[in-house]
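**Q** So I've got this file, data10.tsv, and it contains TSV, C-alpha atoms:
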chain	number	residue	atom	x	y	z
X	5	MET	CA	46.10	29.59	-24.74
X	6	ASN	CA	48.56	32.41	-24.08
X	7	THR	CA	48.74	33.01	-27.83
X	8	LEU	CA	44.97	33.52	-27.99
X	9	ILE	CA	45.07	35.88	-25.02
X	10	GLU	CA	47.81	37.92	-26.65
X	11	LYS	CA	45.88	37.96	-29.92
X	12	TYR	CA	42.78	39.12	-28.05
X	13	LYS	CA	44.71	41.99	-26.48
X	14	LYS	CA	46.52	43.14	-29.62
X	15	ASN	CA	44.19	42.31	-32.51
X	16	SER	CA	41.12	44.57	-32.42
X	17	ASN	CA	39.27	42.56	-35.07
X	18	PHE	CA	39.76	39.30	-33.17
X	19	ARG	CA	38.71	41.00	-29.94
X	20	LEU	CA	35.54	42.33	-31.57
X	21	ALA	CA	34.72	38.89	-32.99
X	22	VAL	CA	35.10	37.26	-29.55
X	23	GLN	CA	33.07	39.95	-27.79
X	24	LEU	CA	30.23	39.67	-30.28
X	25	LEU	CA	30.24	35.88	-30.06
X	26	PHE	CA	29.91	36.13	-26.28
X	27	ILE	CA	26.99	38.59	-26.53
X	28	LEU	CA	25.28	36.47	-29.19
X	29	VAL	CA	25.58	33.27	-27.15
X	30	LEU	CA	24.35	35.07	-24.02
X	31	SER	CA	21.28	36.40	-25.85
X	32	ARG	CA	20.45	32.95	-27.22
X	33	VAL	CA	20.89	31.35	-23.79
X	34	VAL	CA	18.25	33.79	-22.54
X	35	MET	CA	15.93	32.61	-25.33
X	36	LEU	CA	16.56	29.01	-24.25
X	37	ILE	CA	15.82	29.84	-20.61
X	38	MET	CA	12.53	31.42	-21.67
X	39	VAL	CA	11.35	28.06	-23.07
X	40	PRO	CA	10.82	26.32	-19.67
X	41	VAL	CA	9.49	29.62	-18.30
X	42	TYR	CA	6.87	29.70	-21.05
X	43	ASN	CA	6.05	25.99	-20.73
X	44	GLY	CA	5.69	26.35	-16.96
X	45	ILE	CA	3.33	29.33	-17.20
X	46	MET	CA	1.25	27.98	-20.09
X	47	GLY	CA	1.27	24.32	-19.04
X	48	THR	CA	2.77	23.11	-22.31
X	49	ASN	CA	5.78	20.98	-23.24
X	50	ARG	CA	7.01	22.54	-26.45
X	51	SER	CA	10.55	22.49	-27.78
X	52	PHE	CA	12.81	25.47	-28.46
X	53	SER	CA	12.74	24.93	-32.24
X	54	PHE	CA	8.94	24.72	-32.21
X	55	LEU	CA	8.47	27.90	-30.17
X	56	MET	CA	11.04	29.91	-32.13
X	57	ASN	CA	9.52	29.23	-35.53
X	58	GLU	CA	6.01	30.50	-36.04
X	59	TRP	CA	3.97	31.43	-39.12
X	60	ASP	CA	6.28	32.23	-42.06
X	61	ALA	CA	9.07	30.12	-40.53
X	62	LYS	CA	6.96	27.04	-41.24
X	63	ARG	CA	6.65	28.12	-44.87
X	64	TYR	CA	10.41	28.58	-45.18
X	65	GLN	CA	10.90	25.15	-43.61
X	66	PHE	CA	8.56	23.65	-46.23
X	67	MET	CA	10.32	25.50	-49.06
X	68	VAL	CA	13.76	24.33	-47.96
X	69	ASP	CA	12.52	20.73	-48.09
X	70	ASN	CA	10.24	20.95	-51.12
X	71	GLY	CA	11.03	24.09	-53.11
X	72	TYR	CA	8.39	26.32	-54.71
X	73	THR	CA	4.95	24.76	-55.14
X	74	PHE	CA	1.52	25.68	-56.48
X	75	PRO	CA	-1.22	26.76	-54.04
X	76	LEU	CA	-3.78	24.25	-52.80
X	77	ASP	CA	-7.53	24.71	-52.35
X	78	THR	CA	-6.94	24.31	-48.61
X	79	ASP	CA	-4.09	26.85	-48.59
X	80	PRO	CA	-4.29	29.62	-51.22
X	81	GLN	CA	-1.21	31.40	-49.79
X	82	ALA	CA	1.29	30.35	-52.45
X	83	ASN	CA	4.92	30.43	-51.38
X	84	TRP	CA	5.77	32.55	-54.44
X	85	ALA	CA	5.52	35.56	-52.10
X	86	PHE	CA	8.78	34.50	-50.45
X	87	PHE	CA	12.03	35.35	-52.19
X	88	PRO	CA	14.59	32.57	-52.73
X	89	MET	CA	17.97	33.66	-51.36
X	90	TYR	CA	17.42	32.51	-47.77
X	91	VAL	CA	15.92	29.22	-48.95
X	92	ILE	CA	18.85	28.52	-51.30
X	93	VAL	CA	21.43	29.10	-48.56
X	94	CYS	CA	19.50	26.90	-46.11
X	95	GLN	CA	19.26	24.17	-48.74
X	96	PHE	CA	23.03	24.36	-49.30
X	97	VAL	CA	23.75	24.09	-45.57
X	98	LYS	CA	21.34	21.17	-45.24
X	99	LEU	CA	23.04	19.52	-48.22
X	100	LEU	CA	26.33	19.66	-46.29
X	101	THR	CA	24.65	17.46	-43.68
X	102	PHE	CA	23.46	15.06	-46.43
X	103	TRP	CA	19.89	16.26	-45.74
X	104	LYS	CA	20.01	14.72	-42.27
X	105	ALA	CA	19.82	17.88	-40.12
X	106	ASP	CA	16.46	19.20	-38.93
X	107	THR	CA	15.40	22.04	-41.21
X	108	TYR	CA	14.43	24.36	-38.37
X	109	TRP	CA	17.87	24.02	-36.78
X	110	VAL	CA	19.53	24.58	-40.17
X	111	GLY	CA	17.50	27.76	-40.65
X	112	MET	CA	18.25	29.02	-37.14
X	113	PHE	CA	21.96	28.31	-37.67
X	114	VAL	CA	21.95	30.31	-40.93
X	115	SER	CA	20.06	33.20	-39.30
X	116	ASN	CA	22.41	33.39	-36.31
X	117	VAL	CA	25.51	33.29	-38.50
X	118	CYS	CA	24.05	36.06	-40.67
X	119	ILE	CA	23.20	38.37	-37.76
X	120	TYR	CA	26.65	37.74	-36.24
X	121	ILE	CA	28.35	38.77	-39.50
X	122	ALA	CA	26.01	41.76	-39.73
X	123	ALA	CA	26.88	42.95	-36.22
X	124	TYR	CA	30.61	42.54	-36.87
X	125	PHE	CA	30.62	44.57	-40.08
X	126	GLY	CA	28.11	47.04	-38.66
X	127	ILE	CA	30.56	47.94	-35.90
X	128	LYS	CA	33.43	48.02	-38.41
X	129	TRP	CA	31.33	50.48	-40.43
X	130	LEU	CA	30.82	52.65	-37.33
X	131	ARG	CA	34.53	52.68	-36.54
X	132	ASP	CA	35.47	53.53	-40.15
X	133	ARG	CA	32.89	56.32	-40.18
X	134	TYR	CA	34.33	57.75	-36.97
X	135	GLU	CA	37.82	57.76	-38.51
X	136	ILE	CA	36.56	59.42	-41.71
X	137	ASN	CA	34.68	62.14	-39.81
X	138	ASN	CA	37.29	62.81	-37.12
X	139	GLY	CA	40.56	62.02	-38.83
X	140	THR	CA	41.53	59.65	-36.04
X	141	GLN	CA	40.60	56.16	-34.98
X	142	PRO	CA	38.06	55.66	-32.18
X	143	ASP	CA	39.13	54.28	-28.83
X	144	ILE	CA	38.59	50.61	-29.60
X	145	ASN	CA	40.09	49.66	-26.26
X	146	ASN	CA	36.97	51.28	-24.82
X	147	ASN	CA	34.86	48.92	-27.01
X	148	TYR	CA	33.65	51.66	-29.32
X	149	GLY	CA	30.55	50.55	-31.22
X	150	ILE	CA	29.92	47.39	-29.22
X	151	LEU	CA	26.57	48.83	-28.15
X	152	LEU	CA	25.35	48.32	-31.72
X	153	GLY	CA	25.97	44.59	-31.39
X	154	ILE	CA	24.02	44.48	-28.13
X	155	LEU	CA	21.08	46.20	-29.82
X	156	MET	CA	21.15	43.87	-32.82
X	157	PHE	CA	21.18	40.76	-30.59
X	158	MET	CA	18.95	41.81	-27.70
X	159	ALA	CA	16.75	44.81	-28.64
X	160	PRO	CA	12.96	44.46	-29.03
X	161	TYR	CA	11.96	42.26	-32.01
X	162	SER	CA	15.54	41.00	-32.45
X	163	PHE	CA	14.28	37.44	-31.84
X	164	TYR	CA	13.25	37.36	-35.51
X	165	CYS	CA	16.95	37.22	-36.34
X	166	ALA	CA	17.28	33.94	-34.43
X	167	SER	CA	14.38	32.16	-36.13
X	168	VAL	CA	13.78	30.76	-39.62
X	169	TYR	CA	12.96	34.17	-41.06
X	170	THR	CA	14.83	36.23	-43.66
X	171	GLU	CA	15.44	39.21	-41.36
X	172	ALA	CA	18.97	38.21	-40.30
X	173	MET	CA	20.17	37.52	-43.85
X	174	PHE	CA	18.54	40.68	-45.18
X	175	ILE	CA	20.19	42.75	-42.44
X	176	MET	CA	23.55	41.14	-43.25
X	177	PHE	CA	23.38	42.14	-46.92
X	178	ILE	CA	22.26	45.67	-46.00
X	179	VAL	CA	25.17	46.07	-43.58
X	180	LEU	CA	27.63	44.76	-46.15
X	181	PHE	CA	26.15	47.13	-48.73
X	182	PHE	CA	26.80	50.17	-46.52
X	183	TYR	CA	30.18	48.82	-45.41
X	184	PHE	CA	31.47	48.51	-48.98
X	185	SER	CA	29.78	51.76	-50.03
X	186	GLN	CA	31.71	53.60	-47.33
X	187	LYS	CA	34.91	52.04	-48.71
X	188	LYS	CA	33.93	53.22	-52.23
X	189	GLN	CA	33.86	49.64	-53.50
X	190	TRP	CA	30.77	50.30	-55.57
X	191	LEU	CA	30.62	47.04	-57.53
X	192	ILE	CA	30.73	44.94	-54.36
X	193	ALA	CA	28.12	47.22	-52.79
X	194	GLY	CA	25.91	46.72	-55.85
X	195	LEU	CA	26.38	42.97	-55.56
X	196	MET	CA	25.34	43.04	-51.90
X	197	SER	CA	22.22	44.94	-52.93
X	198	ALA	CA	21.53	42.27	-55.57
X	199	PHE	CA	21.69	39.59	-52.87
X	200	ALA	CA	19.43	41.70	-50.65
X	201	SER	CA	16.90	42.04	-53.49
X	202	ALA	CA	16.93	38.25	-53.86
X	203	THR	CA	16.10	38.00	-50.15
X	204	ARG	CA	13.27	40.56	-49.95
X	205	ILE	CA	11.71	42.85	-52.54
X	206	VAL	CA	12.65	46.05	-50.67
X	207	GLY	CA	16.28	45.13	-51.23
X	208	CYS	CA	15.79	46.78	-54.63
X	209	THR	CA	15.38	50.14	-52.91
X	210	LEU	CA	19.05	50.06	-51.90
X	211	VAL	CA	19.61	51.45	-55.40
X	212	PHE	CA	18.51	54.86	-54.05
X	213	ALA	CA	20.96	54.59	-51.16
X	214	LEU	CA	23.74	53.76	-53.62
X	215	ILE	CA	22.92	56.77	-55.80
X	216	ILE	CA	23.03	59.01	-52.71
X	217	GLU	CA	26.40	57.52	-51.72
X	218	LEU	CA	27.74	58.07	-55.23
X	219	TYR	CA	26.52	61.67	-55.25
X	220	LEU	CA	28.03	62.46	-51.85
X	221	ASP	CA	31.33	60.88	-52.86
X	222	TYR	CA	31.40	62.92	-56.10
X	223	LYS	CA	30.56	66.10	-54.24
X	224	ASN	CA	33.28	65.52	-51.65
X	225	LYS	CA	35.90	64.87	-54.31
X	226	ASN	CA	34.95	67.90	-56.40
X	227	THR	CA	35.48	70.71	-53.93
X	228	VAL	CA	34.88	73.31	-56.66
X	229	ILE	CA	31.24	72.44	-56.34
X	230	ASP	CA	29.76	74.91	-53.92
X	231	SER	CA	26.06	74.33	-53.32
X	232	LYS	CA	25.64	77.91	-52.07
X	233	LYS	CA	27.03	79.37	-55.29
X	234	ALA	CA	26.06	76.82	-57.91
X	235	GLY	CA	22.80	75.62	-56.42
X	236	ILE	CA	21.63	72.09	-55.74
X	237	TRP	CA	20.34	71.49	-59.28
X	238	GLN	CA	23.69	72.47	-60.78
X	239	ASN	CA	25.38	69.99	-58.48
X	240	VAL	CA	22.92	67.26	-59.44
X	241	ARG	CA	23.35	67.98	-63.14
X	242	ASP	CA	27.14	67.80	-62.87
X	243	PHE	CA	26.85	64.54	-60.95
X	244	VAL	CA	24.53	63.03	-63.58
X	245	VAL	CA	27.02	63.95	-66.33
X	246	HIS	CA	29.82	62.37	-64.30
X	247	PHE	CA	27.71	59.27	-63.60
X	248	ILE	CA	26.89	58.72	-67.29
X	249	LYS	CA	30.60	58.88	-68.09
X	250	THR	CA	31.52	56.30	-65.42
X	251	PRO	CA	30.62	52.74	-66.54
X	252	LYS	CA	31.71	51.25	-63.21
X	253	GLU	CA	29.15	53.31	-61.32
X	254	ILE	CA	26.43	52.57	-63.88
X	255	LEU	CA	27.10	48.84	-63.55
X	256	SER	CA	27.01	49.11	-59.75
X	257	VAL	CA	23.57	50.71	-59.86
X	258	MET	CA	22.30	48.19	-62.40
X	259	LEU	CA	23.39	45.33	-60.14
X	260	CYS	CA	21.15	46.47	-57.27
X	261	PRO	CA	17.80	44.95	-58.40
X	262	LEU	CA	19.40	41.96	-60.13
X	263	GLY	CA	18.26	39.44	-57.52
X	264	THR	CA	14.63	40.42	-57.93
X	265	PHE	CA	14.87	40.35	-61.73
X	266	ILE	CA	16.30	36.82	-61.63
X	267	TYR	CA	13.48	35.71	-59.35
X	268	MET	CA	10.90	37.33	-61.65
X	269	THR	CA	12.43	35.44	-64.57
X	270	PHE	CA	12.09	32.20	-62.62
X	271	LEU	CA	8.43	32.98	-61.89
X	272	ARG	CA	7.80	33.65	-65.58
X	273	PHE	CA	8.77	30.08	-66.41
X	274	PHE	CA	7.41	28.53	-63.22
X	275	CYS	CA	3.89	29.94	-63.15
X	276	GLY	CA	3.69	32.32	-66.12
X	277	ASP	CA	3.49	35.54	-64.08
X	278	VAL	CA	6.58	37.66	-63.37
X	279	TRP	CA	4.58	39.59	-60.75
X	280	ALA	CA	3.26	36.46	-59.01
X	281	PHE	CA	5.04	37.41	-55.74
X	282	MET	CA	2.95	40.58	-55.66
X	283	HIS	CA	-0.35	39.21	-56.99
X	284	VAL	CA	-0.42	36.40	-54.42
X	285	GLN	CA	-0.42	38.94	-51.56
X	286	ILE	CA	-4.22	39.07	-51.80
X	287	ALA	CA	-4.25	35.66	-50.09
X	288	TRP	CA	-2.88	37.36	-46.94
X	289	ARG	CA	-5.09	40.43	-46.86
X	290	GLU	CA	-8.14	41.70	-48.68
X	291	ASP	CA	-8.33	45.14	-47.02
X	292	SER	CA	-8.05	48.04	-49.41
X	293	TYR	CA	-6.85	51.45	-48.22
X	294	PHE	CA	-5.42	54.52	-49.89
X	295	PRO	CA	-1.65	53.82	-50.01
X	296	VAL	CA	0.43	55.14	-47.10
X	297	ILE	CA	-1.77	58.08	-46.06
X	298	GLY	CA	-4.98	56.07	-45.92
X	299	VAL	CA	-3.24	53.13	-44.30
X	300	MET	CA	-1.62	55.29	-41.62
X	301	TRP	CA	-4.81	57.28	-40.98
X	302	LYS	CA	-6.91	54.15	-40.48
X	303	ALA	CA	-4.28	52.58	-38.24
X	304	CYS	CA	-3.32	55.57	-36.08
X	305	THR	CA	-6.90	56.69	-35.49
X	306	GLY	CA	-7.95	53.26	-34.26
X	307	GLN	CA	-10.34	52.48	-37.13
X	308	ILE	CA	-8.93	48.97	-37.47
X	309	GLU	CA	-7.73	46.41	-34.92
X	310	PRO	CA	-5.85	47.69	-31.82
X	311	ARG	CA	-2.68	45.82	-32.80
X	312	TYR	CA	-2.62	47.76	-36.05
X	313	THR	CA	-3.07	51.02	-34.18
X	314	TYR	CA	0.04	50.12	-32.19
X	315	MET	CA	1.92	49.29	-35.40
X	316	GLY	CA	0.80	52.56	-36.98
X	317	TRP	CA	2.30	54.57	-34.14
X	318	PHE	CA	5.39	52.37	-34.22
X	319	CYS	CA	5.79	53.47	-37.85
X	320	ILE	CA	5.42	57.12	-36.81
X	321	ALA	CA	8.22	56.61	-34.27
X	322	ALA	CA	10.38	54.99	-36.95
X	323	PHE	CA	9.83	57.92	-39.32
X	324	ALA	CA	10.86	60.26	-36.48
X	325	VAL	CA	14.09	58.29	-36.02
X	326	TYR	CA	14.77	58.47	-39.76
X	327	ALA	CA	14.21	62.24	-39.69
X	328	TYR	CA	16.70	62.45	-36.84
X	329	MET	CA	19.16	60.40	-38.90
X	330	ILE	CA	18.89	62.90	-41.76
X	331	TYR	CA	19.68	65.65	-39.26
X	332	ARG	CA	22.70	63.62	-38.14
X	333	LYS	CA	23.77	63.20	-41.80
X	334	TYR	CA	23.10	59.50	-42.20
X	335	TYR	CA	21.51	60.44	-45.51
X	336	SER	CA	21.60	57.20	-47.49
X	337	MET	CA	20.58	55.06	-44.52
X	338	ALA	CA	17.71	57.34	-43.56
X	339	PHE	CA	16.26	57.51	-47.07
X	340	PHE	CA	16.59	53.76	-47.47
X	341	GLY	CA	14.73	53.27	-44.17
X	342	ILE	CA	11.97	55.63	-45.25
X	343	ILE	CA	11.51	54.02	-48.68
X	344	ALA	CA	11.72	50.49	-47.26
X	345	LEU	CA	8.90	51.35	-44.84
X	346	LEU	CA	6.76	53.15	-47.43
X	347	VAL	CA	6.69	50.01	-49.60
X	348	PRO	CA	4.63	47.85	-47.16
X	349	LEU	CA	2.57	50.90	-46.13
X	350	THR	CA	1.14	51.04	-49.64
X	351	SER	CA	-1.17	48.21	-48.54
X	352	HIS	CA	-1.22	47.73	-44.74
X	353	VAL	CA	0.62	48.19	-41.44
X	354	MET	CA	0.67	44.44	-40.85
X	355	SER	CA	4.14	43.18	-39.81
X	356	THR	CA	5.69	46.64	-40.08
X	357	CYS	CA	7.46	46.30	-36.70
X	358	ARG	CA	9.33	43.32	-38.13
X	359	PHE	CA	10.02	45.15	-41.39
X	360	ILE	CA	11.43	48.18	-39.54
X	361	ILE	CA	13.80	46.05	-37.48
X	362	GLY	CA	14.65	44.01	-40.58
X	363	SER	CA	15.81	47.08	-42.49
X	364	PHE	CA	18.74	47.48	-40.03
X	365	VAL	CA	19.10	51.27	-40.22
X	366	ILE	CA	16.81	51.77	-37.20
X	367	PHE	CA	19.62	50.23	-35.12
X	368	ILE	CA	22.00	52.95	-36.29
X	369	GLY	CA	19.45	55.63	-35.37
X	370	ALA	CA	18.97	54.08	-31.92
X	371	TYR	CA	22.72	53.74	-31.45
X	372	ASP	CA	23.33	57.39	-32.34
X	373	LEU	CA	20.56	58.53	-30.00
X	374	MET	CA	22.13	56.56	-27.16
X	375	THR	CA	25.64	57.84	-27.85
X	376	ALA	CA	26.91	60.97	-29.56
X	377	GLY	CA	23.64	62.52	-30.75
X	378	GLY	CA	21.66	61.97	-27.58
X	379	ARG	CA	24.48	63.15	-25.35
X	380	GLU	CA	24.91	66.35	-27.35
X	381	TYR	CA	21.18	67.09	-27.13
X	382	LEU	CA	21.00	66.40	-23.40
X	383	GLU	CA	24.38	68.08	-22.86
X	384	LEU	CA	25.61	65.05	-20.97
X	385	LYS	CA	29.26	65.18	-19.99
X	386	ASN	CA	29.25	63.29	-16.71
X	387	GLU	CA	30.35	59.74	-17.46
X	388	LYS	CA	28.34	58.28	-14.57
X	389	LYS	CA	25.12	59.89	-15.82
X	390	ILE	CA	25.79	58.60	-19.34
X	391	ILE	CA	26.34	55.07	-18.09
X	392	ALA	CA	23.21	55.27	-15.90
X	393	ILE	CA	20.97	56.48	-18.75
X	394	ASP	CA	22.37	53.94	-21.22
X	395	SER	CA	21.88	51.18	-18.66
X	396	ILE	CA	18.26	52.16	-18.05
X	397	VAL	CA	17.56	52.21	-21.80
X	398	LEU	CA	19.22	48.82	-22.34
X	399	ILE	CA	17.39	47.24	-19.41
X	400	THR	CA	14.10	48.61	-20.75
X	401	PHE	CA	14.87	47.25	-24.23
X	402	PHE	CA	15.82	43.87	-22.79
X	403	ALA	CA	12.63	43.68	-20.71
X	404	LEU	CA	10.55	44.52	-23.78
X	405	GLU	CA	12.39	41.86	-25.77
X	406	LEU	CA	11.57	39.25	-23.09
X	407	PHE	CA	7.91	40.29	-23.13
X	408	LEU	CA	7.76	40.16	-26.93
X	409	LEU	CA	9.61	36.84	-26.94
X	410	PHE	CA	6.94	35.40	-24.63
X	411	LEU	CA	4.26	36.67	-27.03
X	412	TRP	CA	6.19	35.12	-29.90
X	413	TYR	CA	6.29	31.75	-28.15
X	414	ASN	CA	2.57	32.12	-27.63
X	415	SER	CA	1.89	32.86	-31.33
X	416	ASP	CA	0.31	36.17	-30.36
X	417	CYS	CA	-1.40	38.04	-33.20
X	418	TRP	CA	0.19	41.33	-32.05
X	419	LEU	CA	3.38	40.12	-33.73
X	420	MET	CA	1.72	39.41	-37.09
Could you render the structure from this file as structure tokens?

**A**
Amino acid sequence: MNTLIEKYKKNSNFRLAVQLLFILVLSRVVMLIMVPVYNGIMGTNRSFSFLMNEWDAKRYQFMVDNGYTFPLDTDPQANWAFFPMYVIVCQFVKLLTFWKADTYWVGMFVSNVCIYIAAYFGIKWLRDRYEINNGTQPDINNNYGILLGILMFMAPYSFYCASVYTEAMFIMFIVLFFYFSQKKQWLIAGLMSAFASATRIVGCTLVFALIIELYLDYKNKNTVIDSKKAGIWQNVRDFVVHFIKTPKEILSVMLCPLGTFIYMTFLRFFCGDVWAFMHVQIAWREDSYFPVIGVMWKACTGQIEPRYTYMGWFCIAAFAVYAYMIYRKYYSMAFFGIIALLVPLTSHVMSTCRFIIGSFVIFIGAYDLMTAGGREYLELKNEKKIIAIDSIVLITFFALELFLLFLWYNSDCWLM
């Protein structure tokens, strides 16, 4: 016992792992407590696993048990729309239990492990970034970065990362992508992007984030490049020449969409259509709007359902956060967030709140607003005021998460 205490005091990585585990367990205990609260208010007697896994979770549960299938006359929504990485991992975990464990609990276990790993490496990324920018390590004894873990476990819409949805796994691969990119381990970063693209289609768009990271790394190493003298296009041209001459970087970029290409190959042999995951989307929605601009205009002006008006303005807020992140020089993350949001907005605003949270980078924007960036803007130097404001924001976030969790348990359409 004393050995563990000493390790906790001296080993920052072990201390971070323990702290995050405590926060994760606490957040999930709250979700458990909300089950009898919901049942008492609604007069039901539903289980935790039932309430936590609505809509698409049921499809993932079916896929883990049965694999990909053809659509039925009674259900035209073919499961080809769902990418395979999460299903494969859940199947492997269930195999370890000799197919005895309940599929919902297997999926929730996988999701919670993924979001835990994501939070751990997300904070490691923050601490490494601080050291790179400031030339010194952050005060880890003051739990630097732990706020990010709190946001990832307890912020609004974070309950998706505890259910049988792909959000937690997708976030994990995104975090690992940026973690290894910051360490200049491009091949591993490309591999993480490949896994992300096998989890959700927008994982492919990490290729743009990787190119930005490669460009910034090249520019920082080649100090002779002066954008004021040479101009941006000269810099880009020099980078392109360098990139073409560097096979390792080319391979890293080519790895990014590999997961999606493998899935498309599978679909070619399974149903004869490499674009089946896209074509089947018509079974979910038949609305047709002008991509992005038309979608946002219809939503934000209240021309479609009120829930979509809310989601439209939620997207506006997300774009504002991404713009702020560009200002704060989180270039690759911001552009990935923007592109990842533009993809679903080509058809509808449905589920965009989940997609925004599931792209991870919004957590970094929120974290920066609550710490360095927000304090600089508000010129906050008094530690008591900082703690008070952060506490108010966290309490507000937590209250919203409880409200949304209740709606989730109630299968409310505002979360679709």

**Q** Just want the 7 Å neighbourhood of Met176 of chain X, counted on all atoms listed in the file, with same-chain residues fewer than 2 positions away dropped. Output as a list in words.

**A**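 The contact residues come out as Cys118, Ile119, Ile121, Ala122, Ala172, Met173, Phe174, Ile178, Val179 and Leu180 of chain X.
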
**Q** Could you tell me which of X:Val245, X:Ile127, X:Leu259, X:Met158 comes closest to Phe199 of chain X if we count all atoms listed in the file?

**A**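 Ranked by minimum distance to Phe199 of chain X, first place goes to X:Leu259.
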
**Q** So, counting only C-alpha atoms, which residue among X:Phe402, X:Gly126, X:Tyr90, X:Tyr148 is closest to Ser31 of chain X?

**A** X:Phe402

**Q** Quick check, in Å to one decimal: how far apart do atom CA of Leu155 of chain X and atom CA of Phe367 of chain X lie?

**A** 6.8 Å

**Q** Suppose you want the space between atom CA of Asp242 of chain X and atom CA of Asn138 of chain X; what is it in Å?

**A**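 Going from atom CA of Asp242 of chain X over to atom CA of Asn138 of chain X covers 28.1 Å.
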
**Q** Skip Ile368 of chain X itself and residues of its chain fewer than 6 positions away, then list as a CSV table (one decimal) with C-alpha atoms, keeping the file's coordinate frame all residues within 9 Å of it, counting all atoms listed in the file.

**A**
chain,number,residue,atom,x,y,z
X,126,GLY,CA,28.1,47.0,-38.7
X,130,LEU,CA,30.8,52.6,-37.3
X,152,LEU,CA,25.4,48.3,-31.7
X,329,MET,CA,19.2,60.4,-38.9
X,334,TYR,CA,23.1,59.5,-42.2
X,337,MET,CA,20.6,55.1,-44.5

**Q** Can you spit out segment 251-268 of chain X with N, CA and C atoms, as an mmCIF file, in the first residue's frame, from the structure just given?

**A**
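The result, stored in out34.cif:
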data_model
loop_
_atom_site.group_PDB
_atom_site.id
_atom_site.type_symbol
_atom_site.label_atom_id
_atom_site.label_comp_id
_atom_site.auth_asym_id
_atom_site.auth_seq_id
_atom_site.Cartn_x
_atom_site.Cartn_y
_atom_site.Cartn_z
ATOM 1 N N PRO X 251 9.424 9.955 -48.629
ATOM 2 C CA PRO X 251 8.504 8.802 -48.718
ATOM 3 C C PRO X 251 7.766 8.514 -47.408
ATOM 4 N N LYS X 252 8.431 8.728 -46.280
ATOM 5 C CA LYS X 252 7.808 8.447 -44.987
ATOM 6 C C LYS X 252 6.568 9.314 -44.784
ATOM 7 N N GLU X 253 6.663 10.566 -45.162
ATOM 8 C CA GLU X 253 5.526 11.477 -45.012
ATOM 9 C C GLU X 253 4.421 11.135 -46.006
ATOM 10 N N ILE X 254 4.793 10.770 -47.214
ATOM 11 C CA ILE X 254 3.805 10.357 -48.227
ATOM 12 C C ILE X 254 3.029 9.143 -47.732
ATOM 13 N N LEU X 255 3.757 8.152 -47.202
ATOM 14 C CA LEU X 255 3.115 6.943 -46.693
ATOM 15 C C LEU X 255 2.182 7.275 -45.525
ATOM 16 N N SER X 256 2.598 8.184 -44.663
ATOM 17 C CA SER X 256 1.767 8.580 -43.526
ATOM 18 C C SER X 256 0.439 9.156 -43.993
ATOM 19 N N VAL X 257 0.491 10.018 -45.002
ATOM 20 C CA VAL X 257 -0.724 10.617 -45.544
ATOM 21 C C VAL X 257 -1.591 9.567 -46.230
ATOM 22 N N MET X 258 -0.972 8.649 -46.942
ATOM 23 C CA MET X 258 -1.729 7.618 -47.644
ATOM 24 C C MET X 258 -2.415 6.653 -46.678
ATOM 25 N N LEU X 259 -1.865 6.509 -45.485
ATOM 26 C CA LEU X 259 -2.465 5.625 -44.491
ATOM 27 C C LEU X 259 -3.801 6.159 -43.966
ATOM 28 N N CYS X 260 -3.957 7.476 -43.962
ATOM 29 C CA CYS X 260 -5.103 8.107 -43.288
ATOM 30 C C CYS X 260 -6.468 7.534 -43.682
ATOM 31 N N PRO X 261 -6.792 7.413 -44.975
ATOM 32 C CA PRO X 261 -8.124 6.898 -45.342
ATOM 33 C C PRO X 261 -8.182 5.392 -45.516
ATOM 34 N N LEU X 262 -7.134 4.679 -45.092
ATOM 35 C CA LEU X 262 -7.035 3.252 -45.372
ATOM 36 C C LEU X 262 -8.216 2.463 -44.803
ATOM 37 N N GLY X 263 -8.649 2.809 -43.594
ATOM 38 C CA GLY X 263 -9.757 2.097 -42.977
ATOM 39 C C GLY X 263 -11.026 2.156 -43.803
ATOM 40 N N THR X 264 -11.318 3.334 -44.327
ATOM 41 C CA THR X 264 -12.503 3.494 -45.174
ATOM 42 C C THR X 264 -12.360 2.707 -46.478
ATOM 43 N N PHE X 265 -11.169 2.738 -47.074
ATOM 44 C CA PHE X 265 -10.957 2.005 -48.327
ATOM 45 C C PHE X 265 -11.126 0.500 -48.126
ATOM 46 N N ILE X 266 -10.661 -0.009 -46.999
ATOM 47 C CA ILE X 266 -10.830 -1.438 -46.713
ATOM 48 C C ILE X 266 -12.314 -1.772 -46.558
ATOM 49 N N TYR X 267 -13.048 -0.894 -45.869
ATOM 50 C CA TYR X 267 -14.483 -1.131 -45.699
ATOM 51 C C TYR X 267 -15.207 -1.067 -47.040
ATOM 52 N N MET X 268 -14.812 -0.125 -47.905
ATOM 53 C CA MET X 268 -15.422 -0.023 -49.228
ATOM 54 C C MET X 268 -15.145 -1.278 -50.055
#
